[in-house]
There are 2 protein chains.
Amino acid sequence: MEVKTVGSVTLPAEAGHEETVLALAKQWGADAIRDSDGTSLSRNLLDLGLETYSTLCIVRADQEYALSHWHQLARKFLMSEPVTATGPLVTIKLLAGFCADKYQVDADSDPKKYWEVIDRSTGGLLPGNQWQFNPADGTVTVHQARECHAYTVSFLALQTWDTTSMYNHITNNWQCAPIVSVDPYFPEAREHMMGFFDRWLEAHPETAVVRFTTFAYHFVIDSGEDRSDKFRDWLGYGETVSPAALDDFEKKMGYSLRAEDFVDEGYYNTTNRVPSERYRAWMQFIHEFVVAFGRQLTDKAHRAGKKTAAFQGDHWIGTEPFSEGYQGLGLDMNIGAAEDGVALRRLSDSPGPQLREARLYPYFFPDVFRPGGTPRRESVANWVKIRRALLRQPIDRIGYGGYLSLVAKFPDFVDHVAGLCQEFRSFQAHTNRTASYKSPIKVAVLNAWGQWRAWLQNPSMDQKFHVPSRPDVMEFVGSNPLECLAGLPVEVSFIDFDDIRQGGVPEGVNVILNTGDAGTSWSGGRHWADATVTTAIRRWVDQGGGFVGIGGPTACQHQGRYFQLSDVLGVDRETGNTLGVVGKPLTLAGPHFITEETPGALDLGTDRSYVYLRGRGAQVIRVAGAHVLMAVNAFGRGRGLYLAGLPYSLENARLLLRALHWASGTEDALTKWFSTNINTDCAAYPETGFLAVVNNVETEQATTVCDGQGRRHEFTLAPYEWRWAKI
Amino acid sequence: MEVKTVGSVTLPAEAGHEETVLALAKQWGADAIRDSDGTSLSRNLLDLGLETYSTLCIVRADQEYALSHWHQLARKFLMSEPVTATGPLVTIKLLAGFCADKYQVDADSDPKKYWEVIDRSTGGLLPGNQWQFNPADGTVTVHQARECHAYTVSFLALQTWDTTSMYNHITNNWQCAPIVSVDPYFPEAREHMMGFFDRWLEAHPETAVVRFTTFAYHFVIDSGEDRSDKFRDWLGYGETVSPAALDDFEKKMGYSLRAEDFVDEGYYNTTNRVPSERYRAWMQFIHEFVVAFGRQLTDKAHRAGKKTAAFQGDHWIGTEPFSEGYQGLGLDMNIGAAEDGVALRRLSDSPGPQLREARLYPYFFPDVFRPGGTPRRESVANWVKIRRALLRQPIDRIGYGGYLSLVAKFPDFVDHVAGLCQEFRSFQAHTNRTASYKSPIKVAVLNAWGQWRAWLQNPSMDQKFHVPSRPDVMEFVGSNPLECLAGLPVEVSFIDFDDIRQGGVPEGVNVILNTGDAGTSWSGGRHWADATVTTAIRRWVDQGGGFVGIGGPTACQHQGRYFQLSDVLGVDRETGNTLGVVGKPLTLAGPHFITEETPGALDLGTDRSYVYLRGRGAQVIRVAGAHVLMAVNAFGRGRGLYLAGLPYSLENARLLLRALHWASGTEDALTKWFSTNINTDCAAYPETGFLAVVNNVETEQATTVCDGQGRRHEFTLAPYEWRWAKI
């Protein structure tokens, strides 16, 4: 087996640091370089003989145009802070609490047509003659206000500073003028961008791959007066709004959307909210527009003889890689930021013929690459997770971003990345892009988004209340049950409630996984009050299916139950409605298949689940006081399992694997290919005849691997070692 | 000051144990004896010269009548366990899961008129022709059931074993036939009881006080197949139902109640549920009936020259001591079971001219008075709480219940009670029934019940999940914020949301306290979505009021807020709707008046409140990680305070006192009468000129008492000492 020492790695290059680039390209075996936001590629760099990726974010590429066409900037609906009336006249400063540099009230879009003033004490919409907008000071005055009622204004704001640009100013000390994005929904802007792109293509003859960041609309971060983040939605459609798009939507759909369809009582329809039909229609409308817009660009690039890549970040709204229309973009490559196994699977599992490149963390930015920074530690933590996921589903390339010049001062990091790149090339050589052996289990993750938002982190309440050590980083990524799942040898799909309504549980699925906080899109909220959904799943479990619920599964207060499938799960949650129901002393069941490898205490995320036994059948496997943390239940020929939580850990990942085998009644298949030490993983590649055994921890580990034929092999692995063996 | 050594104490006497009774009566200074359920008073006992109370529970007094008038037994609506349809025909065994000895399906009350079969997957009511009742086997058959939908039957059941009788059989090993109660709503039953009572009065010439237990309807305990409690509601109206009462209600009110008005999706309208208008109307209807019924009895007793007392237990539904019609009962004495300070205040604070006697715990029953039992410890724990409350509001007598014969084997308990009785008589001598000094604070506890259910324990979710050491005892009583409040020198009233709607916050109130789990009657649930309520309170706080919220205050998801008064409190709770809102790093405020005496860690009931800052003004006083546990906020001229919880402890009681002073802006008045050691309390009686200083713990305590004139006095108190001083 020959493993190349060069290839499959993309480096960020930087003019003025040619020697560093060359040295690192050599040491890491890079075969491509790219520019980054804020860096450029010099003649010398272009002459290194590496394939060149050039970054382009078309909506912010031409700042001169943007600054001279201010009214074409991206817009969004913002809700003013609620103001409590102390008299009949209320003055609401629209941008109070928002970053003054980032937003400007959009007075051009007829306020009386697009804006809404709402009495938040009653939910009542105020008639237009009860309020007026005062452009001079950016306020709205409400007349005849009801004393002590709270009022809000939902208004359109221009986004006068790109979120990413702002981040770079704050984190990377950029000094240039704030960068803004133009909304391509304006025909003039779109036309201008196309001309700009034509000229750009001509000006970049060396570019092999146009790396779009991404196309049209930025993800949502709202910034407060102190410039810190006040609201985040990595997938939010909040910044896709323009009066023209709203008007076109109405023409197409026959109904118009209100400001409140976006503002949503101030919740702004985050990805964690159960979406309304109307909001999903808007997403579809924007998605179609973005795909058409992106296709215009990729077509041009192809005609210029270049390949196209999209980096799934920044302006990636409407280009969800699992979405129906994604292939219409005509891309050659998907580039995904991958901080953990879930992100890797988002990249590796999405359909289509694209090459897949993972942009690894940490970014080479001064927040991590500072004196005292520990980039190697961060990278190792990520890589362990990514590797688990990689063993289940391959990708084609890896790469980095940021300022390569920062890296040279961290030789331990440089060495580590050299090893990491070689591990990746070795993986490619041994697997030849074939899939590894899977257990005979098809898991369908059920939530309100399904396929459209497959392999997304579903943040939880506990993660929100995690105290971060670095406020700029969402440290909680890679910490939830999906991260456990990302590295397991099972087939995974994502389904939503419409899938169930339309066709029942999809053919072939043997375990449904419903995981998330009660009431969120991840658990499903009001969808669980729909008898079509509950009866379809009940029937399916009754006939042999397995239902695994984590957190607040099937939760929706309705007809005497909170967990609507409490009959399947054998447990329900107290929400204050059943305080009269007497809590029975819990009797722990004896040893169980699911916890056979983790017989001790487990971190199931909480010690107050407020979950109690309901019905008679369930067996309790773990408790905290009188709180049920884990219970199993037989339902007809099928099985139900409740888990209070499942933070990512190697222990919990193994527990989930066993849980899936138990729920699907395939306990016997667990140890076909199996590494007995839970700190290790193995993966078998029948098509290439290789076996991978990896050590996920920083100490030497011994393990016994079952090889699919019933034979057992002993391995002793160095810290973090990734071993290949012939089978 | 002369303190009598005899008086104000009632003992349970027991035929056959005359010597014990006499000895204990002497040692404890009893001046009255009573019989108990299961005991009788012999001639010898009656001749002891003590005042005689005779217990009578009229609805179960004549078992012969009851057994020969089976159809007049008390009834209730039960909901069958939900049964999931596996085919078009579903058979539901009505009493599955219920104690077979305690219930009998009431086939006489036309099922098609009074019962309901409900599809709990949809909430849909099935037409009568889709189901049939099979009296032979106590089942209901549902036809054309929808596969995998869950069905329930709400049916009328006869109560064939009194809950208290069942308790006595299980706990006290009673061997007699199960005792049943007759429903006085049947005119024939009522007439019979009146005749019975006439004869009873004649047969009890020595009886000075008729001690009714209580009158008509028992509180709710549903029992499972294994005879254990499955559902409890100490105040529930579940057992007040009869077809005749339902029919009369309809005639009176012009609308009829459905079975679902009682069954309530299986929640049975417990006291913890926010009541519907319809349910409250039913309560009022029953209340009026019970008062009229009880008055018939007390009139007879008075005509026979006897006094009347009601023990607030067993059949006490409809006789809430704070209810509008209570005085209509014409009672001379209220007897209340008092296990803690809250129960004491329920007794001491209720209006009316009645004498008040506290029935203390533990009951002289074999569950406590068994080898290895620790009745003294239980009594001390209760007495410390009761004493705190007694210092604020006096009562007239104390007493015990059960089998006095059991007590003799516990000499430490006998001695302890002797001291306790003398402490009580000393209290009476020094206070002469006058009230102690109060701080200038009027607290209104706001919940969905108000005055009607004042000074009730509001159980919480955490209390439900408390692992009990004795499953028959609700160990959580006396553990909540109300228990803290019960011993504080402030005026307390209870108000409901209609009070606010009708007249705003009552005149004179300076602090509103809203405490309870979100969504329950104690917090208020949907009432908080009513702008009339929120605006009235906002206006009042704005003008200087104080609002203290504990647990899930003002909680109701509505128009972008969960805590509807989050503007007053400065905080809101995450429920999964605002996961996109970025949690700010919390900065703790410096030392604060409220925590000046408890500067260290506090047990605020939880370390996961999921509460975050909202708005700008609030100061954070205590946190756990990023969870706010305590925050204060200025709102206009008033103040808001949020506490995650406040389990009863001496520390938390002091904290609440300080919180009330802070919220009402009366910080200066705190130390007028004040004992500096938080393990102690003091109370001043200006009318008698005495000061009480008590030690609430089992070790010697030194304290400094401020005496109202600015002078300070040092005291050193023995364990649990109650000291009196002249002022």
# chains A, B, ... in the order shown; residues from 1 in each chain; ligands from 1
call {"tool": "residues_around", "arguments": {"residues": "segment 263-268 of chain A", "least_positions_apart": "4", "cutoff": "7 Å", "atoms": "only C-alpha atoms", "output": "MDAnalysis selection string"}}
result
(chainID A and resid 77:79 154 259) or (chainID B and resid 559:560 577:578)
call {"tool": "write_last_selection", "arguments": {"atoms": "N, CA and C atoms", "output": "tab-separated table (two decimals), in the first residue's frame"}}
result
chain	number	residue	atom	x	y	z
A	77	PHE	N	-35.79	42.42	8.81
A	77	PHE	CA	-36.75	42.90	9.80
A	77	PHE	C	-36.11	42.81	11.18
A	78	LEU	N	-36.17	43.89	11.90
A	78	LEU	CA	-35.76	43.88	13.30
A	78	LEU	C	-36.98	44.23	14.15
A	79	MET	N	-37.02	43.72	15.33
A	79	MET	CA	-38.04	44.14	16.28
A	79	MET	C	-37.38	45.04	17.30
A	154	SER	N	-41.87	46.40	14.41
A	154	SER	CA	-41.10	45.55	13.50
A	154	SER	C	-40.82	46.40	12.26
A	259	ALA	N	-44.70	41.38	8.51
A	259	ALA	CA	-43.45	41.53	9.27
A	259	ALA	C	-43.38	40.47	10.37
B	559	GLN	N	-46.48	36.29	23.24
B	559	GLN	CA	-45.95	37.51	22.64
B	559	GLN	C	-44.48	37.77	22.96
B	560	GLY	N	-43.69	36.71	22.85
B	560	GLY	CA	-42.25	36.89	22.92
B	560	GLY	C	-41.65	36.86	24.30
B	577	ASN	N	-37.44	28.67	22.97
B	577	ASN	CA	-37.86	29.62	21.94
B	577	ASN	C	-36.80	30.66	21.63
B	578	THR	N	-35.92	30.90	22.58
B	578	THR	CA	-34.96	31.99	22.40
B	578	THR	C	-33.54	31.46	22.44
call {"tool": "residues_around", "arguments": {"residues": "Lys726 of chain A", "least_positions_apart": "2", "cutoff": "12 Å", "atoms": "only C-alpha atoms", "output": "count of residues only"}}
result
18
call {"tool": "interface_residues", "arguments": {"of": "chain B", "to": "chain A", "cutoff": "6 Å", "atoms": "only C-alpha atoms", "output": "list in words"}}
result
Arg120, Ser121, Thr122, Cys148, Lys230, Phe231, Arg232, Asp233, Glu265, Gly266, Tyr267, Phe465, Val467, Thr520, Ala531, Thr535, Arg539, Gln559, Gly560, Gly576, Thr578, Gly580, Val581, Val582 and Ala626 of chain B
call {"tool": "atom_distance", "arguments": {"atom1": "atom CA of Gly87 of chain B", "atom2": "atom CA of Trp115 of chain B"}}
result
22.9 Å
call {"tool": "residues_around", "arguments": {"residues": "Trp662 of chain B", "least_positions_apart": "4", "cutoff": "9 Å", "atoms": "only C-alpha atoms", "output": "PDB file with C-alpha atoms, in the first residue's frame"}}
result
ATOM      1  CA  GLY B 546     -42.562  45.634  45.006  1.00  0.00           C
ATOM      2  CA  PHE B 593     -29.079  44.477  51.257  1.00  0.00           C
ATOM      3  CA  ILE B 594     -31.054  41.295  50.676  1.00  0.00           C
ATOM      4  CA  ARG B 639     -38.757  47.133  42.466  1.00  0.00           C
ATOM      5  CA  LEU B 657     -37.700  39.033  55.230  1.00  0.00           C
ATOM      6  CA  ARG B 658     -34.928  41.209  53.871  1.00  0.00           C
ATOM      7  CA  THR B 666     -38.613  49.822  53.940  1.00  0.00           C
ATOM      8  CA  GLU B 667     -35.038  48.728  54.547  1.00  0.00           C
TER       9      GLU B 667
END
call {"tool": "select_by_dssp", "arguments": {"residues": "segment 222-439 of chain A", "states": "strand (DSSP E)", "output": "VMD selection string"}}
result
chain A and resid 222 to 223 229 to 233 307 to 316 333 to 338 355 to 360 397 to 399
call {"tool": "write_last_selection", "arguments": {"atoms": "N, CA and C atoms", "output": "short mmCIF file (atom, residue, chain, number, x, y, z; two decimals), in the first residue's frame"}}
result
data_model
loop_
_atom_site.label_atom_id
_atom_site.label_comp_id
_atom_site.auth_asym_id
_atom_site.auth_seq_id
_atom_site.Cartn_x
_atom_site.Cartn_y
_atom_site.Cartn_z
N ASP A 222 -27.22 39.19 15.00
CA ASP A 222 -27.57 40.56 15.37
C ASP A 222 -26.58 41.03 16.44
N SER A 223 -26.17 42.27 16.29
CA SER A 223 -25.15 42.79 17.21
C SER A 223 -25.73 43.87 18.10
N ASP A 229 -22.36 39.91 19.97
CA ASP A 229 -23.51 39.19 19.42
C ASP A 229 -24.67 39.24 20.40
N LYS A 230 -25.85 39.53 19.89
CA LYS A 230 -27.01 39.42 20.77
C LYS A 230 -27.98 38.35 20.30
N PHE A 231 -27.84 37.94 19.05
CA PHE A 231 -28.75 36.92 18.51
C PHE A 231 -28.03 36.22 17.37
N ARG A 232 -28.07 34.88 17.38
CA ARG A 232 -27.37 34.13 16.34
C ARG A 232 -28.28 33.09 15.73
N ASP A 233 -28.20 32.96 14.43
CA ASP A 233 -28.86 31.83 13.77
C ASP A 233 -28.09 31.49 12.51
N LYS A 307 -13.24 25.56 -12.41
CA LYS A 307 -14.15 24.79 -11.57
C LYS A 307 -14.75 25.71 -10.51
N THR A 308 -15.82 25.22 -9.88
CA THR A 308 -16.50 26.05 -8.88
C THR A 308 -16.62 25.28 -7.56
N ALA A 309 -16.43 26.04 -6.53
CA ALA A 309 -16.61 25.48 -5.18
C ALA A 309 -17.44 26.47 -4.37
N ALA A 310 -18.20 25.94 -3.45
CA ALA A 310 -18.90 26.84 -2.53
C ALA A 310 -18.46 26.51 -1.12
N PHE A 311 -18.04 27.54 -0.43
CA PHE A 311 -17.74 27.39 0.99
C PHE A 311 -19.05 27.61 1.76
N GLN A 312 -19.41 26.60 2.51
CA GLN A 312 -20.69 26.67 3.21
C GLN A 312 -20.56 27.53 4.45
N GLY A 313 -20.52 28.83 4.21
CA GLY A 313 -20.41 29.77 5.31
C GLY A 313 -20.82 31.14 4.82
N ASP A 314 -20.69 32.13 5.70
CA ASP A 314 -21.02 33.51 5.35
C ASP A 314 -22.39 33.62 4.67
N HIS A 315 -22.39 33.79 3.34
CA HIS A 315 -23.67 34.01 2.63
C HIS A 315 -24.27 32.70 2.14
N TRP A 316 -24.44 31.77 3.03
CA TRP A 316 -24.84 30.44 2.56
C TRP A 316 -26.33 30.16 2.70
N MET A 333 -17.54 21.46 -6.29
CA MET A 333 -16.95 21.13 -5.00
C MET A 333 -17.74 21.78 -3.87
N ASN A 334 -17.92 21.01 -2.80
CA ASN A 334 -18.48 21.56 -1.56
C ASN A 334 -17.35 21.71 -0.56
N ILE A 335 -17.27 22.86 0.04
CA ILE A 335 -16.28 23.06 1.09
C ILE A 335 -17.02 23.38 2.37
N GLY A 336 -16.80 22.56 3.37
CA GLY A 336 -17.54 22.75 4.61
C GLY A 336 -16.61 22.94 5.78
N ALA A 337 -16.92 23.93 6.60
CA ALA A 337 -16.20 24.09 7.85
C ALA A 337 -16.53 22.89 8.72
N ALA A 338 -15.51 22.23 9.25
CA ALA A 338 -15.76 21.02 10.03
C ALA A 338 -15.03 21.11 11.36
N LEU A 355 -16.89 17.10 -5.33
CA LEU A 355 -15.77 16.81 -4.44
C LEU A 355 -16.06 17.49 -3.11
N ARG A 356 -15.52 16.90 -2.03
CA ARG A 356 -15.82 17.47 -0.71
C ARG A 356 -14.53 17.79 0.04
N GLU A 357 -14.44 19.04 0.42
CA GLU A 357 -13.25 19.48 1.17
C GLU A 357 -13.69 20.01 2.53
N ALA A 358 -13.05 19.49 3.57
CA ALA A 358 -13.36 19.97 4.92
C ALA A 358 -12.40 21.10 5.28
N ARG A 359 -12.94 22.23 5.65
CA ARG A 359 -12.11 23.33 6.14
C ARG A 359 -12.00 23.13 7.65
N LEU A 360 -10.80 22.78 8.08
CA LEU A 360 -10.62 22.41 9.48
C LEU A 360 -10.43 23.63 10.38
N ARG A 397 -10.98 15.98 0.46
CA ARG A 397 -9.86 16.88 0.74
C ARG A 397 -10.02 17.51 2.12
N ILE A 398 -8.91 18.05 2.60
CA ILE A 398 -8.99 18.89 3.79
C ILE A 398 -8.25 20.20 3.49
N GLY A 399 -8.51 21.20 4.29
CA GLY A 399 -7.85 22.48 4.07
C GLY A 399 -7.98 23.37 5.29
#
call {"tool": "select_by_dssp", "arguments": {"residues": "segment 202-423 of chain A", "states": "alpha helix (DSSP H)", "output": "ChimeraX atom specification"}}
result
/A:202-203,243-253,259-263,277-303,341-349,375-390,404-407,411-423
call {"tool": "residues_around", "arguments": {"residues": "Pro127 of chain A", "least_positions_apart": "6", "cutoff": "12 Å", "atoms": "only C-alpha atoms", "output": "PyMOL selection string"}}
result
chain A and resi 112-113+115-119+142-145
call {"tool": "decode", "arguments": {"residues": "segment 146-157 of chain B", "atoms": "N, CA, C and O atoms", "output": "PDB file, in the first residue's frame"}}
result
ATOM      1  N   ARG B 146     -60.042   3.961  15.565  1.00  0.00           N
ATOM      2  CA  ARG B 146     -58.980   4.256  14.584  1.00  0.00           C
ATOM      3  C   ARG B 146     -57.692   3.637  15.101  1.00  0.00           C
ATOM      4  O   ARG B 146     -57.295   3.865  16.234  1.00  0.00           O
ATOM      5  N   GLU B 147     -57.076   2.906  14.256  1.00  0.00           N
ATOM      6  CA  GLU B 147     -55.911   2.126  14.657  1.00  0.00           C
ATOM      7  C   GLU B 147     -54.848   3.022  15.298  1.00  0.00           C
ATOM      8  O   GLU B 147     -54.535   4.095  14.772  1.00  0.00           O
ATOM      9  N   CYS B 148     -54.330   2.567  16.387  1.00  0.00           N
ATOM     10  CA  CYS B 148     -53.251   3.232  17.104  1.00  0.00           C
ATOM     11  C   CYS B 148     -53.655   4.555  17.751  1.00  0.00           C
ATOM     12  O   CYS B 148     -52.811   5.267  18.263  1.00  0.00           O
ATOM     13  N   HIS B 149     -54.931   4.890  17.715  1.00  0.00           N
ATOM     14  CA  HIS B 149     -55.384   6.003  18.543  1.00  0.00           C
ATOM     15  C   HIS B 149     -55.591   5.477  19.965  1.00  0.00           C
ATOM     16  O   HIS B 149     -55.866   4.291  20.159  1.00  0.00           O
ATOM     17  N   ALA B 150     -55.439   6.375  20.928  1.00  0.00           N
ATOM     18  CA  ALA B 150     -55.601   5.976  22.331  1.00  0.00           C
ATOM     19  C   ALA B 150     -56.968   6.447  22.816  1.00  0.00           C
ATOM     20  O   ALA B 150     -57.332   7.605  22.613  1.00  0.00           O
ATOM     21  N   TYR B 151     -57.702   5.566  23.466  1.00  0.00           N
ATOM     22  CA  TYR B 151     -59.057   5.883  23.926  1.00  0.00           C
ATOM     23  C   TYR B 151     -59.154   5.817  25.444  1.00  0.00           C
ATOM     24  O   TYR B 151     -58.510   4.973  26.073  1.00  0.00           O
ATOM     25  N   THR B 152     -59.970   6.707  25.984  1.00  0.00           N
ATOM     26  CA  THR B 152     -60.253   6.639  27.422  1.00  0.00           C
ATOM     27  C   THR B 152     -61.757   6.725  27.626  1.00  0.00           C
ATOM     28  O   THR B 152     -62.473   7.287  26.800  1.00  0.00           O
ATOM     29  N   VAL B 153     -62.209   6.196  28.743  1.00  0.00           N
ATOM     30  CA  VAL B 153     -63.599   6.351  29.165  1.00  0.00           C
ATOM     31  C   VAL B 153     -63.611   7.126  30.474  1.00  0.00           C
ATOM     32  O   VAL B 153     -62.887   6.783  31.416  1.00  0.00           O
ATOM     33  N   SER B 154     -64.390   8.188  30.521  1.00  0.00           N
ATOM     34  CA  SER B 154     -64.629   8.894  31.777  1.00  0.00           C
ATOM     35  C   SER B 154     -65.948   8.357  32.299  1.00  0.00           C
ATOM     36  O   SER B 154     -66.977   8.523  31.648  1.00  0.00           O
ATOM     37  N   PHE B 155     -65.897   7.704  33.449  1.00  0.00           N
ATOM     38  CA  PHE B 155     -67.098   7.018  33.934  1.00  0.00           C
ATOM     39  C   PHE B 155     -67.321   7.345  35.407  1.00  0.00           C
ATOM     40  O   PHE B 155     -66.402   7.785  36.109  1.00  0.00           O
ATOM     41  N   LEU B 156     -68.531   7.124  35.854  1.00  0.00           N
ATOM     42  CA  LEU B 156     -68.839   7.330  37.265  1.00  0.00           C
ATOM     43  C   LEU B 156     -68.558   6.054  38.034  1.00  0.00           C
ATOM     44  O   LEU B 156     -68.924   4.965  37.600  1.00  0.00           O
ATOM     45  N   ALA B 157     -67.886   6.219  39.160  1.00  0.00           N
ATOM     46  CA  ALA B 157     -67.599   5.071  40.013  1.00  0.00           C
ATOM     47  C   ALA B 157     -68.145   5.346  41.403  1.00  0.00           C
ATOM     48  O   ALA B 157     -68.128   6.479  41.888  1.00  0.00           O
TER      49      ALA B 157
END
